[in-house]
Amino acid sequence: RYCNYKVLQMDKELQRFYEEAFSMMATQGWRDFMEDIQKVKTNYNDLSTVTDTQDLYFRKGQLDILNWLLGLKSSYEKTYEDLQASGDI
């Protein structure tokens, strides 16, 4: 019984996590943030200011983080759909 309760509690916590994340991502503030992130990414894609390999690798890391942020909503949506389809939420 205890194990089932813990699983149900975790499912509810996971459900709440995704609902709150989707709620946040539906706001104008999130859309503005994503627009700003896209502008920064566009600027970082310009490699004309990169002077050595250390700068290049640093820029690559910056772009990786920006791409992660830009893809976060679709990643959450896909994971949520998969969890629903498997019955885990």
# chains A, B, ... in the order shown; residues from 1 in each chain; ligands from 1

call {"tool": "select_by_dssp", "arguments": {"residues": "chain A", "states": "alpha helix (DSSP H)", "output": "PyMOL selection string"}}
result
chain A and resi 2-25+28-44+53-86

call {"tool": "residues_around", "arguments": {"residues": "Leu69 of chain A", "least_positions_apart": "2", "cutoff": "12 Å", "atoms": "only C-alpha atoms", "output": "PyMOL selection string"}}
result
chain A and resi 25+30-31+33-38+40-41+62-67+71-76

call {"tool": "closest_residue", "arguments": {"among": "A:Lys39, A:Gln28, A:Leu56, A:Phe17", "to": "Leu70 of chain A", "atoms": "only C-alpha atoms"}}
result
A:Lys39

call {"tool": "decode", "arguments": {"residues": "segment 61-84 of chain A", "atoms": "C-alpha atoms", "output": "PDB file, in the first residue's frame"}}
result
ATOM      1  CA  GLY A  61      28.645  26.240 -25.174  1.00  0.00           C
ATOM      2  CA  GLN A  62      26.624  29.452 -25.221  1.00  0.00           C
ATOM      3  CA  LEU A  63      24.764  28.302 -28.321  1.00  0.00           C
ATOM      4  CA  ASP A  64      24.091  24.881 -26.775  1.00  0.00           C
ATOM      5  CA  ILE A  65      22.419  26.537 -23.782  1.00  0.00           C
ATOM      6  CA  LEU A  66      20.397  28.899 -25.979  1.00  0.00           C
ATOM      7  CA  ASN A  67      19.244  26.000 -28.170  1.00  0.00           C
ATOM      8  CA  TRP A  68      18.251  24.055 -25.058  1.00  0.00           C
ATOM      9  CA  LEU A  69      16.144  26.990 -23.862  1.00  0.00           C
ATOM     10  CA  LEU A  70      14.559  27.478 -27.274  1.00  0.00           C
ATOM     11  CA  GLY A  71      13.625  23.790 -27.458  1.00  0.00           C
ATOM     12  CA  LEU A  72      12.478  23.413 -23.866  1.00  0.00           C
ATOM     13  CA  LYS A  73       8.759  23.849 -24.496  1.00  0.00           C
ATOM     14  CA  SER A  74       8.609  21.300 -27.318  1.00  0.00           C
ATOM     15  CA  SER A  75      10.761  18.899 -25.297  1.00  0.00           C
ATOM     16  CA  TYR A  76       8.400  19.164 -22.314  1.00  0.00           C
ATOM     17  CA  GLU A  77       5.366  18.725 -24.566  1.00  0.00           C
ATOM     18  CA  LYS A  78       6.814  15.580 -26.152  1.00  0.00           C
ATOM     19  CA  THR A  79       7.803  14.075 -22.803  1.00  0.00           C
ATOM     20  CA  TYR A  80       4.391  14.896 -21.324  1.00  0.00           C
ATOM     21  CA  GLU A  81       2.615  13.258 -24.269  1.00  0.00           C
ATOM     22  CA  ASP A  82       4.819  10.175 -23.927  1.00  0.00           C
ATOM     23  CA  LEU A  83       4.100   9.967 -20.189  1.00  0.00           C
ATOM     24  CA  GLN A  84       0.374  10.273 -20.816  1.00  0.00           C
TER      25      GLN A  84
END
